[in-house]
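Participant: Once you've had a glance at the structure underneath, I'll fire off some questions.
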Protein chains: 4
Amino acid sequence: MSHSILFFDDYSEGAHPNILEALHRTNLQQTRGYGHDAFTHEAAELIRAKMNQREASIHFVSTGTQANMISIASMLRPYESVIAVEEGHIAVHETGAIEATGHKVHTVPSLHGKIRPEAIEALLLEHNDEHMVRPRLVYISQATELGTIYQKKELEAIYQTCRNNNLYLFIDGARMGSAMTSKEADLDLEEIAKHCDFFYIGGTKNGALLGEALVIIHPDLKKNFRYHMKQRGALMAKTRIISIGFIELFKGDLYFENARHANAMAEKLATGIQTQGYSLAHPAVTNQIFPILPKQLILQLEKKYGFYRWPTIVAPEDTMIRLVTSWSTREDMVDAFLDDISSFNKW
Amino acid sequence: MSHSILFFDDYSEGAHPNILEALHRTNLQQTRGYGHDAFTHEAAELIRAKMNQREASIHFVSTGTQANMISIASMLRPYESVIAVEEGHIAVHETGAIEATGHKVHTVPSLHGKIRPEAIEALLLEHNDEHMVRPRLVYISQATELGTIYQKKELEAIYQTCRNNNLYLFIDGARMGSAMTSKEADLDLEEIAKHCDFFYIGGTKNGALLGEALVIIHPDLKKNFRYHMKQRGALMAKTRIISIGFIELFKGDLYFENARHANAMAEKLATGIQTQGYSLAHPAVTNQIFPILPKQLILQLEKKYGFYRWPTIVAPEDTMIRLVTSWSTREDMVDAFLDDISSFNKW
Amino acid sequence: MSHSILFFDDYSEGAHPNILEALHRTNLQQTRGYGHDAFTHEAAELIRAKMNQREASIHFVSTGTQANMISIASMLRPYESVIAVEEGHIAVHETGAIEATGHKVHTVPSLHGKIRPEAIEALLLEHNDEHMVRPRLVYISQATELGTIYQKKELEAIYQTCRNNNLYLFIDGARMGSAMTSKEADLDLEEIAKHCDFFYIGGTKNGALLGEALVIIHPDLKKNFRYHMKQRGALMAKTRIISIGFIELFKGDLYFENARHANAMAEKLATGIQTQGYSLAHPAVTNQIFPILPKQLILQLEKKYGFYRWPTIVAPEDTMIRLVTSWSTREDMVDAFLDDISSFNKW
Amino acid sequence: MSHSILFFDDYSEGAHPNILEALHRTNLQQTRGYGHDAFTHEAAELIRAKMNQREASIHFVSTGTQANMISIASMLRPYESVIAVEEGHIAVHETGAIEATGHKVHTVPSLHGKIRPEAIEALLLEHNDEHMVRPRLVYISQATELGTIYQKKELEAIYQTCRNNNLYLFIDGARMGSAMTSKEADLDLEEIAKHCDFFYIGGTKNGALLGEALVIIHPDLKKNFRYHMKQRGALMAKTRIISIGFIELFKGDLYFENARHANAMAEKLATGIQTQGYSLAHPAVTNQIFPILPKQLILQLEKKYGFYRWPTIVAPEDTMIRLVTSWSTREDMVDAFLDDISSFNKW
């Protein structure tokens, strides 16, 4: 099953060329291991500056599942639990990584992938004694699993609900770049950092070779975090290969440029598909879109393009698919895809 | 504390230039994620061929702690335990990663870092009912934490003990390259694979940008292994950045060249130090050596070189240090170090 | 808040007098500890005979949460999960005990507390690769949390679905006695044992001083089970104090007499309440009933009787409560309760 | 292998008759479940009064392994560890229960089962960064596994070491009664409570039907403890069956009478054995003694008496055995045992 063009995900290529160049340039410089090196300090400083949080702790890990499971487990006592939406990555797509650290993941229904404060409060009402776990953390994703984003007013309401109820708020930012550069975005890095206790900035899906930058805002959560990382296998001997990437992404505007490009390609896809008469299952505001297409068209497209049919089946004949663009999606790839839809329609 | 020359470890630099070159060359090739790509298949095939084990399962993870904890946890039932020597990496230097998966690590005394079959058998004798854990796995390192290696006769005896007692044998090969190219080595990859159930080939410490190659030999241990990886955060979206490195290391002789160079540099250091009248705490046969030096000399050397004083204190005045060489240690670094010892002695 | 009569639960008293008498009679007999005693062997034999399963393994533990968590954890590999209904005891009322052993609990909607085969199959369809956990076990309760029971046809269909899909079936029998003696029951102990892989027979809620009898049917699940028990703190030095109780319950018909009495008292309550014009939220077939009553009546009743308002709020004015009867509920307690409803209605 | 007289352990019989009587007397009294009952409150009050600690939290669990694992796990963050002596119950005889909650158990050599402050300090020195676990808790037993006891001066020194190093001190009091009534005891309940952060008072081994009373002294450790209990399966529906026992044991002097009797019987055994020319491996000050006897004598005694040969083999011909007495050991049992040794010697 070889495809000429892939819209499966945003990690189909290596890394932005600037990052490979930086790895090459610094290659023989000797440093201490495990993040005790000048590159890692510099990357952390750049991120702290960008979000105007001088006291934040920054750590680098290699995968999103690590980012989620280590952060969440570090915030909870054994009997405490985390609340997510039904589509939440930790609830579905991490093979029980959170449960493997001993904690329950509650799921609540979402609105296009977004959690609502009332859903949190309803769940809290039901959990009031020691025969049940004690919810202690709300997990959200920005952008969500369905490509939507939280706006400032929404995030404020959620964070307020958390603070009213002694809950931490954690934001999975695997696609934070795409969210921050969305045409509907009103939350930049500084605002995100002000409205949660812990979050991460995804590199893997936005042009880094690998790695996610964990950002700890709440002072109580910073202590001994490296112990958690080491215990879960996430403290890398050559942490520098992640941090050198983050220096390149954050020393200028590259992180945002990459994301803006991905968004632009997704928007072009979305508009083109809608123009041809097909609808999208969720608002198209980041680099993931969810068209609903006739089965025949899907079969046709699958001959040339790689993409996922997404679990939810909307109708017996029309099916939802997911298209993902990235920093490296070329405009001609998008044009080809739209042309093939157009041909099918004329056919 | 900035040093001009580091002998701290074998991961002070980036990667062998061939690997960076390969990453550059393949960068924009689109592939599926999570190891379902041609690079990962090729790397696995190369390793299988090199060890003449066509049925082995090969998986790539990013750190040694991941390699150990995921492999070991995958082999055990909840009440089963693993046996290691007192200096074993899993017993001391992984922040309880094995225990965090629920399993006890027994420790037995070692001979220069090596386990003895009698120590295994003595421990088994003491564990005979359900009030105690059930030992099920022996963990050894090749090379050991003290830079020594197992020879074929020794490994055979250990593996025989394991098979006689229904124990799996797992080999931590973080420094497998250095072990296989030691002047005293009589175990190549093919022999290693024949004498254990599961092992890994370390990349991080032998010139790879990152990554360890897990090799599952025993058929019972192969099933659903990717589930374990995902659950522990080790399934990388861009597995290719590890596997491209292993292709470079194993398509020709690079893995062994890197290790031979590290060993040669260590041997030169060891010989030079001994020539100047100092002794080594352990046999010097791989890329880690453990000289015992006067405190004054150590203080002098620490001004220019980076290395660890090693825990064990041998005498109030003489102290053990650890020197580690790598694929990228230059001969002039070694010469400088030996010259400075020589100057001190004349002084 | 002291009540003269309690309908909170079925463990408000000590134990059936025969059991106390047996403890007294055997008190000074010396035995080996941890279940290696003649009482425990006899109790196991009696249960095996009653269900006509000579090869079943029987173990005794002290609480229902132990019974569930140890059994379930013993059946699963780290990445495997268990399926329950939304109201399932393990899903809600055990403070994340299953997750604390590392496993996800899936929840599916129920029909009056009962699972449907289609719900199992739908969930399996969505879990098909290593990015998600692997469902391996279906957990049901007989009687259910809502007081209903599975009939033979239903259990057969569920067990068939399990076998078709390589799933174990585990039955939580905390209220197995009440279920087996229900007026609608067509599943006795022998039939239960034929239609699942592992189940337990509850003592605590049916007149025992303490304890649940675990019954392992599937041969693969028997091995080393005592190790699991010991590791989780469930292997009691004086296991005999549980097994002596089970001897009394199963040497004659006491286990069933106790349950029949509890059911009769519940039925009398249910009939009386319905006669007075109130409805029940769920079919009343065992010793738990769920009347929906006006708030004023509830407030009145709460002055004299102990019972729970049950989570689900049906209407702003009418509220569901739970009434539980037991082997020791006296008929005059039931009469008093019904009289007080009657007085309220006339009022 | 049926023996007429058992010295295997101190839980070979049921319970002190007063306790059975109290269970009988209170049997039909209705109470709330899970420890929210007047019996449990009374038992806790009696224990608080006895140790003059009005603010202590008291909880009741059914086994010693539960007592240890739940208490210890509740005190630790995931990367923290516990220190015990090599013979420590948690280190050897609980099937890895502590590790199953995710924590490493360090072992240090003991002096007749007792830990020394220097051993704690040496271990702390070696654990100083995030590549190793962080010791946070010292676990000791009073009496120890070898029947010895800590005296006040020793306990003070250990507790001081703990406080100097930010370590909690936990005392396993499975045989606390025997320790407090030893002829060498200078630590009563009040003194014990002043010199640790958390401990438990064993019932199972001192005449209770079942159960251990957990005592939390340190204010930071009290919060939400019942959640830990429930999650680990230790919150009993009928907690009253434990607490009614503790009322009997602590409303007067019964707890101490039971223990004094056990100690007297052990002392008589010890003196008799020594008089006949055999030595003891450890000081005989509580209800466990460890004679070293010739193999032929052991074989002879095993025909009539039940006891354990203890792991450590002292000499090829002489072997250590363990004899345990209890509240219910009769003087004629001891006499018979000594007579049989005497006969053997004359023979």
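Ordering of the structure tokens sets the chain letters (A, B, ...), residue numbers begin anew at 1 in every chain, and ligands are numbered from 1 in the order given.
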Please identify the alpha helix (DSSP H) residues within stretch 119-294 of chain D (assignment by DSSP from backbone atoms) and present them as a PyMOL selection string.

Facilitator: chain D and resi 119-126+152-164+176-180+189-194+225-231+240-251+254-275

Participant: Produce a file of the selected residues containing C-alpha atoms, as a compact mmCIF listing (two decimals), in the first residue's frame.

Facilitator:
```txt
# COMPACT_ATOMS: atom_id res chain seq x y z
CA ALA D 119 23.41 1.96 57.87
CA ILE D 120 20.67 4.46 57.05
CA GLU D 121 23.15 7.28 56.68
CA ALA D 122 25.47 5.28 54.47
CA LEU D 123 22.62 4.47 52.14
CA LEU D 124 21.52 8.10 51.98
CA LEU D 125 25.02 9.18 51.00
CA GLU D 126 24.88 6.98 47.92
CA LYS D 152 14.21 3.43 73.89
CA LYS D 153 17.75 4.66 73.30
CA GLU D 154 17.94 2.77 70.02
CA LEU D 155 14.58 4.00 68.79
CA GLU D 156 15.44 7.58 69.71
CA ALA D 157 18.63 7.40 67.70
CA ILE D 158 16.84 5.99 64.66
CA TYR D 159 14.05 8.55 64.83
CA GLN D 160 16.58 11.34 65.21
CA THR D 161 18.41 10.08 62.14
CA CYS D 162 15.12 10.06 60.28
CA ARG D 163 14.23 13.60 61.28
CA ASN D 164 17.71 14.85 60.43
CA MET D 176 4.00 -5.04 69.19
CA GLY D 177 2.32 -6.71 72.17
CA SER D 178 5.12 -9.17 72.68
CA ALA D 179 7.67 -6.36 72.30
CA MET D 180 6.00 -4.05 74.83
CA LEU D 189 2.58 2.47 73.57
CA GLU D 190 2.92 6.09 74.59
CA GLU D 191 6.66 6.07 73.95
CA ILE D 192 6.31 4.26 70.65
CA ALA D 193 3.81 6.85 69.47
CA LYS D 194 6.22 9.64 70.36
CA PHE D 225 -6.13 7.78 54.13
CA ARG D 226 -9.43 5.96 53.70
CA TYR D 227 -9.08 6.43 49.93
CA HIS D 228 -5.85 4.46 50.03
CA MET D 229 -7.55 1.74 52.06
CA LYS D 230 -10.50 1.43 49.72
CA GLN D 231 -8.32 1.41 46.61
CA ARG D 240 -16.82 -3.75 63.30
CA ILE D 241 -15.64 -7.36 63.45
CA ILE D 242 -12.10 -6.02 63.82
CA SER D 243 -12.92 -3.12 66.10
CA ILE D 244 -15.03 -5.18 68.48
CA GLY D 245 -11.91 -7.29 68.97
CA PHE D 246 -9.76 -4.25 69.68
CA ILE D 247 -12.30 -2.99 72.20
CA GLU D 248 -11.92 -6.24 74.10
CA LEU D 249 -8.15 -6.12 73.88
CA PHE D 250 -7.81 -2.49 74.96
CA LYS D 251 -10.73 -1.75 77.28
CA LEU D 254 -6.11 -8.09 77.74
CA TYR D 255 -3.78 -7.07 74.92
CA PHE D 256 -0.86 -7.01 77.34
CA GLU D 257 -1.92 -10.13 79.25
CA ASN D 258 -2.03 -12.10 76.02
CA ALA D 259 1.44 -10.94 75.09
CA ARG D 260 2.92 -11.49 78.53
CA HIS D 261 1.67 -15.05 78.47
CA ALA D 262 3.20 -15.69 75.06
CA ASN D 263 6.51 -14.23 76.24
CA ALA D 264 6.48 -16.32 79.41
CA MET D 265 5.96 -19.49 77.40
CA ALA D 266 8.79 -18.54 75.02
CA GLU D 267 11.09 -17.77 77.88
CA LYS D 268 10.34 -21.10 79.48
CA LEU D 269 11.15 -22.82 76.18
CA ALA D 270 14.34 -20.82 75.76
CA THR D 271 15.59 -21.45 79.25
CA GLY D 272 14.77 -25.13 79.04
CA ILE D 273 16.56 -25.54 75.75
CA GLN D 274 19.62 -23.67 76.95
CA THR D 275 19.68 -25.66 80.17
```

Participant: Counting only C-alpha atoms, which residues from chain C have an atom at most 12 Å from any atom of chain B, and could you show them as a compact mmCIF listing (two decimals) with C-alpha atoms, in the first residue's frame?

Facilitator:
```txt
# COMPACT_ATOMS: atom_id res chain seq x y z
CA GLY C 33 -1.96 -20.62 58.73
CA TYR C 34 -2.77 -19.05 55.36
CA ILE C 70 -7.00 -9.53 42.48
CA ALA C 73 -5.44 -8.21 37.63
CA SER C 74 -4.45 -11.89 37.63
CA MET C 75 -6.15 -12.42 34.27
CA LEU C 76 -4.65 -9.51 32.35
CA ARG C 77 -1.35 -8.62 30.71
CA PRO C 78 -0.30 -4.99 31.33
CA TYR C 79 -1.90 -3.61 28.14
CA GLU C 80 -5.17 -5.50 28.52
CA ALA C 100 -4.28 1.00 40.53
CA THR C 101 -3.21 -2.42 39.25
CA GLY C 102 -2.53 -0.77 35.88
CA HIS C 103 -5.59 -1.62 33.81
CA LYS C 104 -8.24 0.44 32.05
CA ASN C 128 -7.89 -2.85 16.91
CA ASP C 129 -4.27 -1.77 17.20
CA GLU C 130 -1.47 -1.10 19.65
CA HIS C 131 -2.38 2.56 20.11
CA MET C 132 -5.31 1.41 22.19
CA VAL C 133 -5.61 -1.07 25.05
CA ARG C 134 -6.71 -4.60 24.24
CA LYS C 223 -1.64 -21.19 38.32
CA ASN C 224 0.14 -19.32 41.11
CA PHE C 225 -3.02 -17.52 42.15
CA ARG C 226 -1.92 -17.49 45.79
CA TYR C 227 1.04 -15.30 44.78
CA HIS C 228 -1.42 -12.67 43.52
CA MET C 229 -3.36 -12.91 46.79
CA LYS C 230 -0.31 -12.52 48.98
CA GLN C 231 1.07 -9.62 46.93
CA ARG C 232 -2.19 -7.70 47.29
CA GLY C 233 -2.46 -8.29 51.05
CA ALA C 234 -5.33 -10.79 50.79
CA LEU C 235 -3.76 -13.99 52.09
CA MET C 236 -5.06 -14.13 55.65
CA ALA C 237 -3.08 -15.82 58.41
```

Participant: Quick check for you: according to DSSP on this backbone, which residues of stretch 59-187 of chain A are classed as strand (DSSP E or B)? Reply as a VMD selection string.

Facilitator: chain A and resid 59 to 61 80 to 85 105 to 108 111 114 134 to 141 168 to 172

Participant: Excluding stretch 21-29 of chain A and its own-chain neighbours fewer than 2 positions away, which residues fall within 10 Å of it when counting only C-alpha atoms? Please give them as a ChimeraX atom specification.

Facilitator: /A:16-19,31,39,240-242,244-245,247-248 /B:12-17,20-21,24,209,328

Participant: Taking N, CA and C atoms for each residue, export the selection above as a PDB file, in the first residue's frame.

Facilitator:
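Contents of again.pdb, freshly written:
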```
ATOM      1  N   HIS A  16      12.489  20.100   9.996  1.00  0.00           N
ATOM      2  CA  HIS A  16      12.767  21.309   9.226  1.00  0.00           C
ATOM      3  C   HIS A  16      14.281  21.376   8.969  1.00  0.00           C
ATOM      4  N   PRO A  17      14.679  21.719   7.757  1.00  0.00           N
ATOM      5  CA  PRO A  17      16.114  21.716   7.405  1.00  0.00           C
ATOM      6  C   PRO A  17      16.988  22.537   8.362  1.00  0.00           C
ATOM      7  N   ASN A  18      16.482  23.631   8.897  1.00  0.00           N
ATOM      8  CA  ASN A  18      17.296  24.429   9.836  1.00  0.00           C
ATOM      9  C   ASN A  18      17.750  23.587  11.028  1.00  0.00           C
ATOM     10  N   ILE A  19      16.898  22.657  11.432  1.00  0.00           N
ATOM     11  CA  ILE A  19      17.232  21.832  12.605  1.00  0.00           C
ATOM     12  C   ILE A  19      18.336  20.842  12.265  1.00  0.00           C
ATOM     13  N   THR A  31      29.340  17.938  25.428  1.00  0.00           N
ATOM     14  CA  THR A  31      28.514  18.460  26.527  1.00  0.00           C
ATOM     15  C   THR A  31      28.270  17.371  27.565  1.00  0.00           C
ATOM     16  N   PHE A  39      22.925  23.869  25.422  1.00  0.00           N
ATOM     17  CA  PHE A  39      21.818  23.899  24.435  1.00  0.00           C
ATOM     18  C   PHE A  39      20.468  23.817  25.156  1.00  0.00           C
ATOM     19  N   ARG A 240      20.220  17.096  24.280  1.00  0.00           N
ATOM     20  CA  ARG A 240      20.570  18.169  23.342  1.00  0.00           C
ATOM     21  C   ARG A 240      19.952  17.982  21.968  1.00  0.00           C
ATOM     22  N   ILE A 241      19.723  16.732  21.536  1.00  0.00           N
ATOM     23  CA  ILE A 241      19.183  16.586  20.174  1.00  0.00           C
ATOM     24  C   ILE A 241      17.742  17.076  20.126  1.00  0.00           C
ATOM     25  N   ILE A 242      17.074  17.124  21.257  1.00  0.00           N
ATOM     26  CA  ILE A 242      15.758  17.763  21.282  1.00  0.00           C
ATOM     27  C   ILE A 242      15.915  19.277  21.433  1.00  0.00           C
ATOM     28  N   ILE A 244      18.351  21.352  20.802  1.00  0.00           N
ATOM     29  CA  ILE A 244      18.874  22.065  19.626  1.00  0.00           C
ATOM     30  C   ILE A 244      17.735  22.351  18.648  1.00  0.00           C
ATOM     31  N   GLY A 245      16.817  21.409  18.522  1.00  0.00           N
ATOM     32  CA  GLY A 245      15.638  21.640  17.671  1.00  0.00           C
ATOM     33  C   GLY A 245      14.780  22.776  18.193  1.00  0.00           C
ATOM     34  N   ILE A 247      15.716  25.260  20.025  1.00  0.00           N
ATOM     35  CA  ILE A 247      16.407  26.550  19.809  1.00  0.00           C
ATOM     36  C   ILE A 247      16.073  27.069  18.416  1.00  0.00           C
ATOM     37  N   GLU A 248      16.194  26.206  17.429  1.00  0.00           N
ATOM     38  CA  GLU A 248      15.897  26.639  16.051  1.00  0.00           C
ATOM     39  C   GLU A 248      14.443  27.091  15.923  1.00  0.00           C
TER      40      GLU A 248
ATOM     41  N   SER B  12      28.753  12.282  24.778  1.00  0.00           N
ATOM     42  CA  SER B  12      29.028  13.714  24.915  1.00  0.00           C
ATOM     43  C   SER B  12      28.878  14.486  23.611  1.00  0.00           C
ATOM     44  N   GLU B  13      28.850  13.772  22.485  1.00  0.00           N
ATOM     45  CA  GLU B  13      28.714  14.452  21.197  1.00  0.00           C
ATOM     46  C   GLU B  13      27.371  14.085  20.570  1.00  0.00           C
ATOM     47  N   GLY B  14      27.156  14.567  19.342  1.00  0.00           N
ATOM     48  CA  GLY B  14      25.908  14.274  18.645  1.00  0.00           C
ATOM     49  C   GLY B  14      25.869  12.855  18.104  1.00  0.00           C
ATOM     50  N   ALA B  15      26.290  12.690  16.831  1.00  0.00           N
ATOM     51  CA  ALA B  15      26.224  11.371  16.210  1.00  0.00           C
ATOM     52  C   ALA B  15      27.344  11.256  15.188  1.00  0.00           C
ATOM     53  N   HIS B  16      27.635  10.032  14.790  1.00  0.00           N
ATOM     54  CA  HIS B  16      28.604   9.854  13.720  1.00  0.00           C
ATOM     55  C   HIS B  16      28.119  10.622  12.488  1.00  0.00           C
ATOM     56  N   PRO B  17      29.027  11.331  11.810  1.00  0.00           N
ATOM     57  CA  PRO B  17      28.617  12.162  10.673  1.00  0.00           C
ATOM     58  C   PRO B  17      27.819  11.412   9.601  1.00  0.00           C
ATOM     59  N   LEU B  20      24.133  11.732  10.446  1.00  0.00           N
ATOM     60  CA  LEU B  20      23.551  13.048  10.140  1.00  0.00           C
ATOM     61  C   LEU B  20      23.343  13.191   8.631  1.00  0.00           C
ATOM     62  N   GLU B  21      24.312  12.704   7.896  1.00  0.00           N
ATOM     63  CA  GLU B  21      24.222  12.765   6.431  1.00  0.00           C
ATOM     64  C   GLU B  21      23.002  11.979   5.935  1.00  0.00           C
ATOM     65  N   HIS B  24      19.826  13.819   6.624  1.00  0.00           N
ATOM     66  CA  HIS B  24      19.707  14.909   5.660  1.00  0.00           C
ATOM     67  C   HIS B  24      19.178  14.383   4.313  1.00  0.00           C
ATOM     68  N   LEU B 209      22.601   8.912  16.930  1.00  0.00           N
ATOM     69  CA  LEU B 209      22.040  10.144  17.471  1.00  0.00           C
ATOM     70  C   LEU B 209      21.242   9.791  18.724  1.00  0.00           C
ATOM     71  N   SER B 328      34.199   9.105  19.260  1.00  0.00           N
ATOM     72  CA  SER B 328      34.679  10.416  18.843  1.00  0.00           C
ATOM     73  C   SER B 328      35.817  10.942  19.721  1.00  0.00           C
TER      74      SER B 328
END
```

Participant: Please compute the atom CA of B:Gly147-atom CA of B:Asp339 distance, one decimal, in Å.

Facilitator: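 Atom-to-atom, atom CA of B:Gly147 to atom CA of B:Asp339, that is 23.8 Å.
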
Participant: So that I can see what lies close to D:Asn345, please list as a PyMOL selection string the residues with an atom at most 12 Å from it, counting only C-alpha atoms and leaving out residues fewer than 4 positions away in the same chain.

Facilitator: chain D and resi 273+275-278+293-294+296-297+300+338-341

Participant: In Å to one decimal, how far is atom CA of A:Trp327 from atom CA of A:Val92?

Facilitator: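 Separating atom CA of A:Val92 from atom CA of A:Trp327 is a distance of 26.2 Å.
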
Participant: Do you know which residues are at most 7 Å from A:Val324 counting only C-alpha atoms, after dropping those on the same chain fewer than 4 positions away, and could you put them as number ranges by chain?

Facilitator: A: 7-10, 287-289
